[in-house]
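Here is query-v5.txt, consisting of compact mmCIF, C-alpha atoms:
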```
# COMPACT_ATOMS: atom_id res chain seq x y z
CA MET R 1 -19.03 -59.64 23.29
CA LYS R 2 -18.62 -56.24 24.89
CA VAL R 3 -21.57 -54.33 26.30
CA LYS R 4 -21.42 -51.63 23.66
CA ASN R 5 -22.09 -54.29 21.01
CA LEU R 6 -24.86 -55.99 22.92
CA ALA R 7 -27.61 -54.09 21.17
CA LYS R 8 -27.02 -56.21 18.05
CA LYS R 9 -28.10 -59.28 19.97
CA PHE R 10 -31.49 -57.83 20.92
CA LEU R 11 -32.64 -58.40 17.33
CA CYS R 12 -31.51 -62.05 17.19
CA ILE R 13 -33.31 -63.70 20.08
CA ALA R 14 -36.25 -65.55 18.54
CA SER R 15 -34.79 -69.08 18.50
CA ALA R 16 -33.36 -68.75 22.00
CA VAL R 17 -36.72 -67.54 23.27
CA ALA R 18 -38.47 -70.56 21.81
CA MET R 19 -36.09 -72.99 23.48
CA ALA R 20 -36.31 -71.21 26.83
CA ALA R 21 -40.09 -71.04 26.61
CA ALA R 22 -40.22 -74.81 26.20
CA LEU R 23 -38.25 -75.22 29.40
CA MET R 24 -40.62 -72.82 31.14
CA ALA R 25 -43.86 -74.40 29.91
CA GLU R 26 -44.96 -75.02 33.48
CA PRO R 27 -44.02 -71.95 35.57
CA ILE R 28 -42.85 -72.60 39.12
CA GLN R 29 -45.61 -71.63 41.53
CA VAL R 30 -44.52 -69.69 44.60
CA GLN R 31 -46.67 -71.42 47.19
CA ALA R 32 -46.23 -72.95 50.61
CA ALA R 33 -48.47 -74.32 53.32
CA GLY R 34 -48.47 -73.29 56.97
CA GLU R 35 -47.45 -70.09 58.67
CA VAL R 36 -45.45 -68.38 55.96
CA TYR R 37 -45.24 -65.05 54.21
CA THR R 38 -43.57 -63.92 51.01
CA SER R 39 -40.06 -62.67 51.74
CA GLU R 40 -39.44 -59.03 50.91
CA LEU R 41 -35.92 -59.99 49.81
CA THR R 42 -36.50 -63.05 47.62
CA GLY R 43 -40.20 -63.25 46.80
CA LEU R 44 -40.17 -66.80 48.19
CA PRO R 45 -42.24 -68.17 51.09
CA ILE R 46 -40.48 -68.19 54.47
CA SER R 47 -41.56 -68.52 58.08
CA ALA R 48 -44.01 -65.87 59.23
CA SER R 49 -42.01 -65.64 62.47
CA LEU R 50 -39.35 -63.74 60.48
CA LYS R 51 -41.66 -61.14 58.98
CA ASP R 52 -40.69 -58.25 61.26
CA GLN R 53 -37.04 -59.25 61.75
CA ARG R 54 -34.40 -56.92 60.32
CA PRO R 55 -31.86 -58.46 57.94
CA ILE R 56 -28.14 -58.31 58.56
CA ALA R 57 -25.58 -57.17 55.97
CA VAL R 58 -22.28 -59.01 56.43
CA MET R 59 -19.01 -57.82 54.91
CA VAL R 60 -17.25 -60.91 53.54
CA ASP R 61 -13.58 -60.82 52.59
CA ASN R 62 -13.19 -61.69 48.90
CA GLU R 63 -9.41 -62.02 48.73
CA LYS R 64 -8.34 -65.41 47.36
CA VAL R 65 -6.70 -66.42 50.64
CA ALA R 66 -10.06 -65.89 52.38
CA LEU R 67 -11.63 -68.72 50.38
CA LYS R 68 -13.50 -70.87 50.91
CA HIS R 69 -16.28 -68.69 52.23
CA PHE R 70 -18.78 -70.02 54.71
CA GLY R 71 -22.50 -69.26 54.54
CA THR R 72 -22.51 -67.17 51.37
CA ALA R 73 -24.72 -69.65 49.53
CA GLU R 74 -27.45 -69.01 52.12
CA ALA R 75 -27.53 -65.24 51.55
CA ASP R 76 -30.71 -63.79 50.07
CA ILE R 77 -28.89 -61.00 48.24
CA VAL R 78 -25.19 -60.63 47.48
CA TYR R 79 -23.58 -57.37 46.43
CA GLU R 80 -20.16 -57.38 44.80
CA ILE R 81 -18.50 -54.00 45.19
CA MET R 82 -15.04 -52.66 44.40
CA ASN R 83 -13.43 -52.32 47.82
CA SER R 84 -10.42 -50.28 46.73
CA THR R 85 -8.90 -48.84 43.58
CA ALA R 86 -5.65 -50.44 44.75
CA ASN R 87 -4.78 -54.13 44.43
CA ASP R 88 -6.37 -54.42 40.96
CA ARG R 89 -9.71 -53.21 42.27
CA ILE R 90 -10.28 -56.09 44.65
CA THR R 91 -13.93 -56.63 45.52
CA ARG R 92 -15.74 -57.37 48.75
CA LEU R 93 -19.05 -59.18 49.09
CA MET R 94 -21.91 -57.78 51.13
CA CYS R 95 -24.23 -60.66 51.96
CA ILE R 96 -27.74 -59.88 53.16
CA TYR R 97 -29.59 -62.45 55.27
CA LYS R 98 -33.14 -62.41 56.59
CA ASP R 99 -32.99 -65.77 58.40
CA TYR R 100 -29.44 -65.39 59.69
CA ASN R 101 -29.99 -67.63 62.70
CA SER R 102 -30.31 -70.62 60.36
CA VAL R 103 -26.77 -70.14 59.01
CA PRO R 104 -24.17 -71.80 61.30
CA THR R 105 -21.13 -69.83 60.10
CA ILE R 106 -20.69 -66.72 57.92
CA GLY R 107 -17.40 -65.26 56.75
CA SER R 108 -14.66 -64.58 57.07
CA ILE R 109 -15.65 -60.99 57.78
CA ARG R 110 -13.66 -57.83 57.16
CA SER R 111 -13.99 -54.04 57.26
CA ILE R 112 -16.78 -51.91 55.85
CA ARG R 113 -16.89 -48.99 53.41
CA PRO R 114 -19.30 -46.02 53.11
CA THR R 115 -21.08 -47.56 50.12
CA ASN R 116 -21.93 -50.65 52.17
CA VAL R 117 -23.55 -48.55 54.88
CA ILE R 118 -25.63 -46.65 52.32
CA LEU R 119 -26.86 -49.81 50.61
CA ALA R 120 -27.57 -51.65 53.88
CA GLY R 121 -29.74 -48.70 54.90
CA GLU R 122 -32.19 -49.57 52.11
CA TYR R 123 -33.03 -52.77 53.96
CA ASN R 124 -32.87 -51.41 57.55
CA ALA R 125 -30.15 -54.06 57.82
CA ILE R 126 -27.70 -54.21 60.70
CA CYS R 127 -24.15 -54.05 59.31
CA VAL R 128 -21.78 -56.78 60.51
CA HIS R 129 -18.09 -56.06 59.95
CA ASP R 130 -14.68 -55.57 61.51
CA GLY R 131 -13.86 -51.88 61.57
CA GLY R 132 -13.04 -49.75 58.57
CA PRO R 133 -11.40 -46.46 57.54
CA TYR R 134 -12.48 -43.24 59.24
CA TYR R 135 -14.55 -42.37 56.17
CA ILE R 136 -17.24 -44.69 57.52
CA ASN R 137 -17.74 -42.71 60.72
CA GLU R 138 -20.17 -40.12 59.37
CA TRP R 139 -22.28 -42.87 57.80
CA LEU R 140 -22.34 -45.13 60.84
CA ALA R 141 -23.47 -42.11 62.88
CA LYS R 142 -26.63 -41.69 60.79
CA PRO R 143 -29.86 -42.24 62.78
CA TRP R 144 -30.86 -45.04 60.44
CA SER R 145 -27.56 -46.93 60.71
CA ASP R 146 -26.83 -49.74 63.19
CA ASN R 147 -23.68 -51.84 63.10
CA LEU R 148 -21.86 -54.61 64.94
CA SER R 149 -18.10 -54.31 64.57
CA ALA R 150 -15.43 -56.90 65.46
CA GLY R 151 -15.38 -59.27 68.40
CA PHE R 152 -16.91 -62.22 66.58
CA ALA R 153 -15.65 -65.80 66.79
CA ARG R 154 -12.04 -66.50 65.85
CA ILE R 155 -11.80 -69.89 64.18
CA PRO R 156 -8.31 -71.35 63.61
CA ASN R 157 -7.95 -72.15 59.92
CA GLY R 158 -4.21 -71.97 59.34
CA LYS R 159 -4.42 -68.44 57.94
CA LYS R 160 -3.32 -65.04 59.21
CA ARG R 161 -5.48 -63.53 61.94
CA GLU R 162 -7.31 -61.14 59.60
CA PHE R 163 -8.80 -64.16 57.81
CA THR R 164 -10.10 -65.97 60.91
CA GLU R 165 -13.14 -63.97 62.08
CA TYR R 166 -16.56 -65.53 61.50
CA VAL R 167 -20.14 -64.93 62.60
CA THR R 168 -21.50 -68.04 64.32
CA THR R 169 -25.00 -69.02 65.42
CA GLY R 170 -26.36 -66.90 68.25
CA GLU R 171 -23.69 -64.20 68.13
CA VAL R 172 -25.79 -61.69 66.23
CA ASN R 173 -28.73 -61.99 68.63
CA ASN R 174 -26.46 -61.54 71.62
CA ARG R 175 -24.69 -58.56 70.09
CA ILE R 176 -27.95 -56.87 69.05
CA ALA R 177 -29.24 -57.17 72.60
CA ALA R 178 -25.99 -55.90 74.10
CA ALA R 179 -25.97 -52.89 71.76
CA GLY R 180 -29.59 -52.05 72.54
CA TYR R 181 -30.64 -52.25 68.90
CA SER R 182 -34.05 -53.32 67.73
CA LYS R 183 -34.05 -56.84 66.31
CA ASN R 184 -37.18 -55.94 64.36
CA TYR R 185 -37.67 -53.23 61.77
CA THR R 186 -37.28 -49.87 63.47
CA PRO R 187 -40.09 -47.31 63.84
CA LEU R 188 -38.05 -44.84 61.77
CA TYR R 189 -37.77 -47.34 58.93
CA LEU R 190 -41.42 -48.38 59.12
CA SER R 191 -42.54 -44.74 59.04
CA THR R 192 -40.52 -43.91 55.94
CA ARG R 193 -40.34 -47.08 53.83
CA GLU R 194 -42.05 -46.96 50.49
CA ARG R 195 -43.44 -50.50 50.54
CA GLU R 196 -43.02 -53.83 52.30
CA SER R 197 -41.24 -55.69 49.50
CA HIS R 198 -37.78 -54.45 48.60
CA PHE R 199 -38.14 -55.52 44.97
CA LEU R 200 -41.21 -56.10 42.85
CA PHE R 201 -41.56 -59.82 42.13
CA ASN R 202 -43.41 -61.87 39.56
CA PRO R 203 -45.96 -64.15 41.27
CA VAL R 204 -44.59 -67.04 39.20
CA GLU R 205 -41.31 -67.47 37.36
CA THR R 206 -41.60 -65.63 34.06
CA LEU R 207 -39.27 -65.33 31.08
CA LEU R 208 -38.26 -61.83 30.09
CA SER R 209 -39.27 -62.71 26.53
CA THR R 210 -42.77 -63.44 27.83
CA THR R 211 -42.97 -60.18 29.75
CA TYR R 212 -41.69 -58.03 26.90
CA GLY R 213 -42.76 -60.08 23.88
CA GLY R 214 -39.12 -60.42 22.87
CA VAL R 215 -38.67 -56.66 22.47
CA GLY R 216 -35.30 -55.57 23.83
CA VAL R 217 -34.52 -59.06 25.13
CA ALA R 218 -31.30 -60.95 24.34
CA SER R 219 -29.88 -64.30 25.33
CA ALA R 220 -27.18 -64.11 28.01
CA THR R 221 -25.48 -67.21 29.32
CA GLN R 222 -22.13 -65.74 30.33
CA ILE R 223 -21.33 -62.48 32.12
CA ASN R 224 -17.66 -61.55 32.22
CA LEU R 225 -16.91 -58.92 34.86
CA THR R 226 -13.13 -59.34 34.73
CA PRO R 227 -12.59 -55.93 33.07
CA ALA R 228 -14.40 -54.30 36.00
CA PHE R 229 -13.02 -56.56 38.74
CA PRO R 230 -9.61 -57.69 37.41
CA HIS R 231 -8.29 -58.93 40.75
CA ASN R 232 -11.16 -61.34 41.36
CA LYS R 233 -11.84 -62.13 37.70
CA SER R 234 -15.53 -62.34 38.53
CA MET R 235 -17.89 -64.13 36.14
CA LEU R 236 -21.43 -65.48 36.18
CA LYS R 237 -22.39 -68.41 33.99
CA TYR R 238 -25.90 -69.61 33.30
CA ASN R 239 -26.62 -73.12 34.53
CA ALA R 240 -29.38 -74.58 32.35
CA ASN R 241 -30.03 -77.39 34.84
CA THR R 242 -30.80 -75.09 37.76
CA MET R 243 -31.90 -72.13 35.62
CA THR R 244 -29.69 -69.88 37.74
CA TYR R 245 -26.40 -68.04 37.29
CA ASP R 246 -23.38 -69.62 38.99
CA TYR R 247 -20.74 -67.26 40.36
CA TYR R 248 -17.07 -67.80 39.46
CA GLU R 249 -13.96 -65.99 40.63
CA TYR R 250 -10.23 -66.60 40.36
CA GLY R 251 -11.04 -68.99 37.50
CA SER R 252 -13.16 -71.40 39.56
CA LEU R 253 -16.76 -72.01 40.56
CA HIS R 254 -17.45 -70.48 43.97
CA THR R 255 -18.54 -73.18 46.41
CA ASP R 256 -19.33 -72.93 50.10
CA GLY R 257 -16.75 -74.23 52.54
CA GLU R 258 -19.38 -75.75 54.79
CA ASP R 259 -21.61 -77.73 52.45
CA GLY R 260 -20.09 -77.34 48.98
CA GLN R 261 -23.09 -75.45 47.59
CA ALA R 262 -22.45 -73.35 44.52
CA LEU R 263 -23.09 -69.64 44.90
CA THR R 264 -25.88 -69.22 42.38
CA PHE R 265 -28.58 -66.67 41.62
CA LYS R 266 -31.98 -66.52 39.95
CA ASN R 267 -31.54 -62.80 39.31
CA VAL R 268 -28.45 -60.82 38.33
CA ILE R 269 -28.41 -57.01 38.28
CA LEU R 270 -25.48 -55.02 36.97
CA GLN R 271 -25.55 -51.36 37.90
CA GLU R 272 -23.25 -48.87 36.20
CA THR R 273 -22.09 -46.52 38.95
CA SER R 274 -19.45 -43.82 39.08
CA PHE R 275 -17.29 -43.44 42.16
CA SER R 276 -15.19 -40.87 43.98
CA GLN R 277 -11.75 -41.82 45.23
CA LEU R 278 -11.22 -40.50 48.75
CA ASP R 279 -7.44 -40.65 49.09
CA ALA R 280 -4.20 -42.00 47.67
CA HIS R 281 -4.69 -45.33 49.44
CA GLY R 282 -7.56 -46.34 47.17
CA TYR R 283 -10.49 -45.76 49.52
CA LEU R 284 -13.62 -44.74 47.63
CA ILE R 285 -17.33 -44.19 47.72
CA TYR R 286 -19.70 -45.11 44.92
CA ASN R 287 -22.03 -42.33 43.79
CA ALA R 288 -25.01 -44.56 44.46
CA ILE R 289 -27.52 -41.84 45.36
CA GLY R 290 -29.34 -39.40 43.13
CA TYR R 291 -29.44 -40.86 39.64
CA MET R 292 -32.66 -40.12 37.76
CA PRO R 293 -34.35 -42.67 35.48
CA SER R 294 -33.55 -41.93 31.86
CA THR R 295 -33.21 -43.58 28.48
CA THR R 296 -29.51 -44.13 29.13
CA GLU R 297 -28.69 -47.80 29.57
CA THR R 298 -27.20 -47.72 33.04
CA GLY R 299 -27.70 -51.34 33.94
CA TYR R 300 -28.71 -54.85 32.94
CA TYR R 301 -31.11 -57.36 34.42
CA PHE R 302 -30.52 -61.08 33.79
CA THR R 303 -32.72 -64.06 34.58
CA ASP R 304 -33.30 -67.48 33.00
CA GLY R 305 -30.55 -66.97 30.43
CA GLN R 306 -31.95 -63.69 29.11
CA VAL R 307 -31.12 -60.01 29.62
CA ILE R 308 -32.73 -56.60 29.23
CA PRO R 309 -31.18 -53.13 29.53
CA ILE R 310 -32.37 -51.15 32.55
CA THR R 311 -31.92 -47.81 34.28
CA TRP R 312 -31.77 -47.20 38.02
CA TYR R 313 -32.66 -44.56 40.57
CA LYS R 314 -32.01 -44.08 44.30
CA ASN R 315 -33.44 -40.79 45.54
CA GLY R 316 -32.13 -40.74 49.12
CA GLU R 317 -29.84 -42.32 51.68
CA THR R 318 -32.32 -44.99 52.76
CA ALA R 319 -34.44 -45.05 49.61
CA ILE R 320 -34.78 -48.30 47.70
CA THR R 321 -32.68 -48.49 44.56
CA LYS R 322 -35.27 -49.06 41.85
CA TYR R 323 -34.64 -50.51 38.42
CA TYR R 324 -36.64 -49.60 35.33
CA ASP R 325 -37.20 -51.16 31.92
CA TYR R 326 -37.22 -49.40 28.56
CA THR R 327 -40.88 -48.40 29.02
CA GLY R 328 -40.08 -46.58 32.26
CA GLN R 329 -41.81 -49.19 34.42
CA GLU R 330 -40.10 -50.71 37.44
CA ILE R 331 -38.92 -54.22 36.61
CA LYS R 332 -40.21 -57.34 38.33
CA LEU R 333 -37.71 -59.95 39.46
CA ASN R 334 -38.28 -63.68 39.46
CA PRO R 335 -38.58 -65.21 42.94
CA GLY R 336 -35.16 -66.28 44.20
CA LYS R 337 -31.76 -65.00 45.24
CA THR R 338 -30.22 -61.92 43.64
CA TYR R 339 -26.68 -60.82 42.78
CA ILE R 340 -26.08 -57.08 42.39
CA GLY R 341 -22.77 -55.90 40.96
CA LEU R 342 -21.86 -52.21 41.16
CA ILE R 343 -19.79 -51.82 38.01
CA PRO R 344 -17.50 -48.77 37.91
CA SER R 345 -18.53 -46.45 35.09
CA ASP R 346 -15.01 -46.34 33.69
CA ALA R 347 -15.15 -50.10 33.03
CA TRP R 348 -18.79 -50.39 32.01
CA THR R 349 -18.33 -50.76 28.26
CA ALA R 350 -15.57 -53.34 28.71
CA ILE R 351 -17.58 -56.01 30.52
CA GLY R 352 -18.64 -58.95 28.38
CA ILE R 353 -22.06 -60.51 27.86
CA GLY R 354 -22.50 -63.54 25.66
```
Would you write out, as structure tokens, the structure that this file holds?
Amino acid sequence: MKVKNLAKKFLCIASAVAMAAALMAEPIQVQAAGEVYTSELTGLPISASLKDQRPIAVMVDNEKVALKHFGTAEADIVYEIMNSTANDRITRLMCIYKDYNSVPTIGSIRSIRPTNVILAGEYNAICVHDGGPYYINEWLAKPWSDNLSAGFARIPNGKKREFTEYVTTGEVNNRIAAAGYSKNYTPLYLSTRERESHFLFNPVETLLSTTYGGVGVASATQINLTPAFPHNKSMLKYNANTMTYDYYEYGSLHTDGEDGQALTFKNVILQETSFSQLDAHGYLIYNAIGYMPSTTETGYYFTDGQVIPITWYKNGETAITKYYDYTGQEIKLNPGKTYIGLIPSDAWTAIGIG
């Protein structure tokens, strides 16, 4: 079913809500003993020793030959973004990690784009990449932008050189120190951030139908992004056993090359975003700054097999992108990992939700 027809489903959700509510009869409590705090990225308890540590935002090559990826299943947040208008709009993943030292290998890594720098700035994240077009220069020069480019471990894997660069344990710490960057949140960020938590989170896992009384809520077990990302043929499918959305591309479930974990998410956000092409080679920048909240359905939020329409707003280069429900209130995510797909506006009505 295409997005433009999705509204019909919002009136037919009662039976699906009842079934889902039965599964959710005992909400998952977000609790942990010991020295922990609630992560600003996931809403889950993690070590208090990480509280002040900046995340990293790693650019992961999403070409088929780059598979299998390493370390993507451990990311707290994964963005999927059109990397070029060429090559059937191939995407690149931007994986954000708070506890990056616990991930043995991440990659393979590739170049960065202006949109990545803008989005990473929301988190005060240090960008990890291998170069990029000259369009990135003005963004990397911003006072709020730190980046580590190239020079990471080369691991022989039988592929061409551009598919062999990975971030391994300890490299980020060493590179941060060598660059003179702050490993912890910077004073500039701390003085300007709007709040500690990047998203608003429910204290316990909560169905959308519970939050909204079924109003504006539809069932959603399959998200077909192929019309937006035809090269990768990206899809997300709801896994009723894990109550998360599994990520598929190139016709197969995405699994990690290190431990075989499926790339899966408690929360999925689709954000309709226009873009500006920068040259004839397909380089582009998403117009990800400056949208005002409105009644226009410019996004969708999925969790636990359900979906609501949302709007979004980012009012500055380092401002948090906020997502709003039909009442104009900022949405609350369920605790867990989040996928965010920036869907080009010209393909928005073609994506499928079923």
- [ ] Just give me the gap between CA of Asp61 in chain R and CA of Tyr301 in chain R in Å, one decimal is fine.
- [x] 25.5 Å
Near-Asn83 in chain R list (8 Å; all atoms listed in the file; drop same-chain fewer than 6 positions) as a PDB file with C-alpha atoms, keeping the file's coordinate frame:
```pdb
ATOM      1  CA  ARG R  89      -9.710 -53.210  42.270  1.00  0.00           C
ATOM      2  CA  ILE R  90     -10.280 -56.090  44.650  1.00  0.00           C
ATOM      3  CA  THR R  91     -13.930 -56.630  45.520  1.00  0.00           C
ATOM      4  CA  ARG R  92     -15.740 -57.370  48.750  1.00  0.00           C
ATOM      5  CA  ARG R 113     -16.890 -48.990  53.410  1.00  0.00           C
ATOM      6  CA  TYR R 283     -10.490 -45.760  49.520  1.00  0.00           C
ATOM      7  CA  LEU R 284     -13.620 -44.740  47.630  1.00  0.00           C
TER       8      LEU R 284
END
```
TODO: Measure the distance from CA of Asn334 in chain R to CA of Ile308 in chain R in Å and round it to one decimal.
DONE: 13.6 Å
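From CA of Ile320 in chain R back to CA of Gly290 in chain R, the distance works out to 11.4 Å.
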Open item on the list: Using all atoms listed in the file for the distances, tell me which of R:Ser49, R:Gln277, R:Tyr181, R:Gly158 is nearest to Pro114 in chain R.
Closed with: R:Gln277
Task: Top pick for closest residue to Leu190 in chain R, considering R:Trp144, R:Tyr323, R:Thr242, R:Asn267 and counting only C-alpha atoms - done: R:Trp144
Please return the centre and edge lengths, in Å to one decimal, of a box with edges along x, y and z that contains all listed atoms of range 207-225 of chain R, widened by 8 Å on every side, as JSON.
```
{"center_x": -29.9, "center_y": -61.4, "center_z": 28.7, "size_x": 42.1, "size_y": 27.6, "size_z": 28.4}
```
Open item on the list: Calculated over only C-alpha atoms, which of the candidates R:Ser145, R:Glu317, R:Val268, R:Trp312 has the smallest distance to Gln329 in chain R?
Closed with: R:Trp312
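Of the residues under consideration (R:Arg54, R:Asn239, R:His254, R:Gln271), R:Arg54 shows the shortest atom-to-atom contact distance to Pro187 in chain R when counting all atoms listed in the file.
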TODO: Determine, counting only C-alpha atoms, which protein, DNA and RNA residues have an atom within 12 Å of an atom of range 136-138 of chain R; residues of the same chain fewer than 3 positions away are not included. Present the result as an NGL selection string.
DONE: :R and (111-118 or 127 or 129-133 or 141-147 or 149 or 278 or 283-285)
Task: Residue among R:Ser345, R:Asn62, R:Gln53, R:Asn101 lying closest to Ala75 in chain R, counting only C-alpha atoms - done: R:Asn101
Task: Proximity to Ile223 in chain R - best of R:Ile269, R:Leu333, R:Ala73, R:Ala177, all atoms listed in the file - done: R:Ile269
Show me, as a PDB file with C-alpha atoms, in the coordinates of the input, the residues that have an atom within 8 Å of Ser47 in chain R when counting only C-alpha atoms, minus same-chain residues fewer than 4 positions from it.
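Wrote it out as part_7.pdb, contents follow:
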```pdb
ATOM      1  CA  GLU R  35     -47.450 -70.090  58.670  1.00  0.00           C
ATOM      2  CA  VAL R  36     -45.450 -68.380  55.960  1.00  0.00           C
ATOM      3  CA  TYR R  37     -45.240 -65.050  54.210  1.00  0.00           C
ATOM      4  CA  LYS R  51     -41.660 -61.140  58.980  1.00  0.00           C
TER       5      LYS R  51
END
```
Residue list as a PDB file with C-alpha atoms, in the frame of the given file for point (-19.8, -69.4, 34.5), cut-off 9 Å, only C-alpha atoms:
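Once everything was written out, this is selection.pdb:
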```pdb
ATOM      1  CA  THR R 221     -25.480 -67.210  29.320  1.00  0.00           C
ATOM      2  CA  GLN R 222     -22.130 -65.740  30.330  1.00  0.00           C
ATOM      3  CA  ILE R 223     -21.330 -62.480  32.120  1.00  0.00           C
ATOM      4  CA  ASN R 224     -17.660 -61.550  32.220  1.00  0.00           C
ATOM      5  CA  MET R 235     -17.890 -64.130  36.140  1.00  0.00           C
ATOM      6  CA  LEU R 236     -21.430 -65.480  36.180  1.00  0.00           C
ATOM      7  CA  LYS R 237     -22.390 -68.410  33.990  1.00  0.00           C
ATOM      8  CA  TYR R 238     -25.900 -69.610  33.300  1.00  0.00           C
ATOM      9  CA  ASN R 239     -26.620 -73.120  34.530  1.00  0.00           C
ATOM     10  CA  TYR R 245     -26.400 -68.040  37.290  1.00  0.00           C
ATOM     11  CA  ASP R 246     -23.380 -69.620  38.990  1.00  0.00           C
ATOM     12  CA  TYR R 247     -20.740 -67.260  40.360  1.00  0.00           C
ATOM     13  CA  TYR R 248     -17.070 -67.800  39.460  1.00  0.00           C
ATOM     14  CA  SER R 252     -13.160 -71.400  39.560  1.00  0.00           C
ATOM     15  CA  LEU R 253     -16.760 -72.010  40.560  1.00  0.00           C
TER      16      LEU R 253
END
```
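For Lys233 in chain R, the non-local neighbours within 9 Å, defined as residues at least 4 positions apart in the same chain or in other chains and counting only C-alpha atoms, are Asn224, Leu225, Thr226, Pro227, Ala228, Phe229, Tyr248, Glu249, Tyr250 and Gly251 of chain R.
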For range 312-325 of chain R, supply N, CA and C atoms and report the output as a PDB file, in the coordinates of the input.
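As a result, part-v3.pdb now contains:
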```pdb
ATOM      1  N   TRP R 312     -31.565 -47.088  36.573  1.00  0.00           N
ATOM      2  CA  TRP R 312     -31.770 -47.200  38.020  1.00  0.00           C
ATOM      3  C   TRP R 312     -31.853 -45.829  38.654  1.00  0.00           C
ATOM      4  N   TYR R 313     -32.426 -45.820  39.864  1.00  0.00           N
ATOM      5  CA  TYR R 313     -32.660 -44.560  40.570  1.00  0.00           C
ATOM      6  C   TYR R 313     -32.702 -44.826  42.070  1.00  0.00           C
ATOM      7  N   LYS R 314     -31.962 -44.038  42.830  1.00  0.00           N
ATOM      8  CA  LYS R 314     -32.010 -44.080  44.300  1.00  0.00           C
ATOM      9  C   LYS R 314     -32.079 -42.634  44.767  1.00  0.00           C
ATOM     10  N   ASN R 315     -33.220 -42.224  45.310  1.00  0.00           N
ATOM     11  CA  ASN R 315     -33.440 -40.790  45.540  1.00  0.00           C
ATOM     12  C   ASN R 315     -33.171 -40.341  46.968  1.00  0.00           C
ATOM     13  N   GLY R 316     -32.463 -41.153  47.761  1.00  0.00           N
ATOM     14  CA  GLY R 316     -32.130 -40.740  49.120  1.00  0.00           C
ATOM     15  C   GLY R 316     -31.288 -41.784  49.813  1.00  0.00           C
ATOM     16  N   GLU R 317     -30.771 -41.433  50.984  1.00  0.00           N
ATOM     17  CA  GLU R 317     -29.840 -42.320  51.680  1.00  0.00           C
ATOM     18  C   GLU R 317     -30.440 -43.677  51.989  1.00  0.00           C
ATOM     19  N   THR R 318     -31.694 -43.714  52.410  1.00  0.00           N
ATOM     20  CA  THR R 318     -32.320 -44.990  52.760  1.00  0.00           C
ATOM     21  C   THR R 318     -33.358 -45.428  51.734  1.00  0.00           C
ATOM     22  N   ALA R 319     -33.474 -44.694  50.641  1.00  0.00           N
ATOM     23  CA  ALA R 319     -34.440 -45.050  49.610  1.00  0.00           C
ATOM     24  C   ALA R 319     -34.040 -46.342  48.912  1.00  0.00           C
ATOM     25  N   ILE R 320     -35.030 -47.090  48.477  1.00  0.00           N
ATOM     26  CA  ILE R 320     -34.780 -48.300  47.700  1.00  0.00           C
ATOM     27  C   ILE R 320     -34.190 -47.923  46.348  1.00  0.00           C
ATOM     28  N   THR R 321     -33.158 -48.630  45.931  1.00  0.00           N
ATOM     29  CA  THR R 321     -32.680 -48.490  44.560  1.00  0.00           C
ATOM     30  C   THR R 321     -33.671 -49.211  43.657  1.00  0.00           C
ATOM     31  N   LYS R 322     -34.268 -48.479  42.745  1.00  0.00           N
ATOM     32  CA  LYS R 322     -35.270 -49.060  41.850  1.00  0.00           C
ATOM     33  C   LYS R 322     -34.695 -49.175  40.447  1.00  0.00           C
ATOM     34  N   TYR R 323     -35.139 -50.216  39.754  1.00  0.00           N
ATOM     35  CA  TYR R 323     -34.640 -50.510  38.420  1.00  0.00           C
ATOM     36  C   TYR R 323     -35.799 -50.487  37.432  1.00  0.00           C
ATOM     37  N   TYR R 324     -35.570 -49.860  36.276  1.00  0.00           N
ATOM     38  CA  TYR R 324     -36.640 -49.600  35.330  1.00  0.00           C
ATOM     39  C   TYR R 324     -36.322 -50.181  33.956  1.00  0.00           C
ATOM     40  N   ASP R 325     -37.380 -50.638  33.269  1.00  0.00           N
ATOM     41  CA  ASP R 325     -37.200 -51.160  31.920  1.00  0.00           C
ATOM     42  C   ASP R 325     -37.297 -50.033  30.894  1.00  0.00           C
TER      43      ASP R 325
END
```
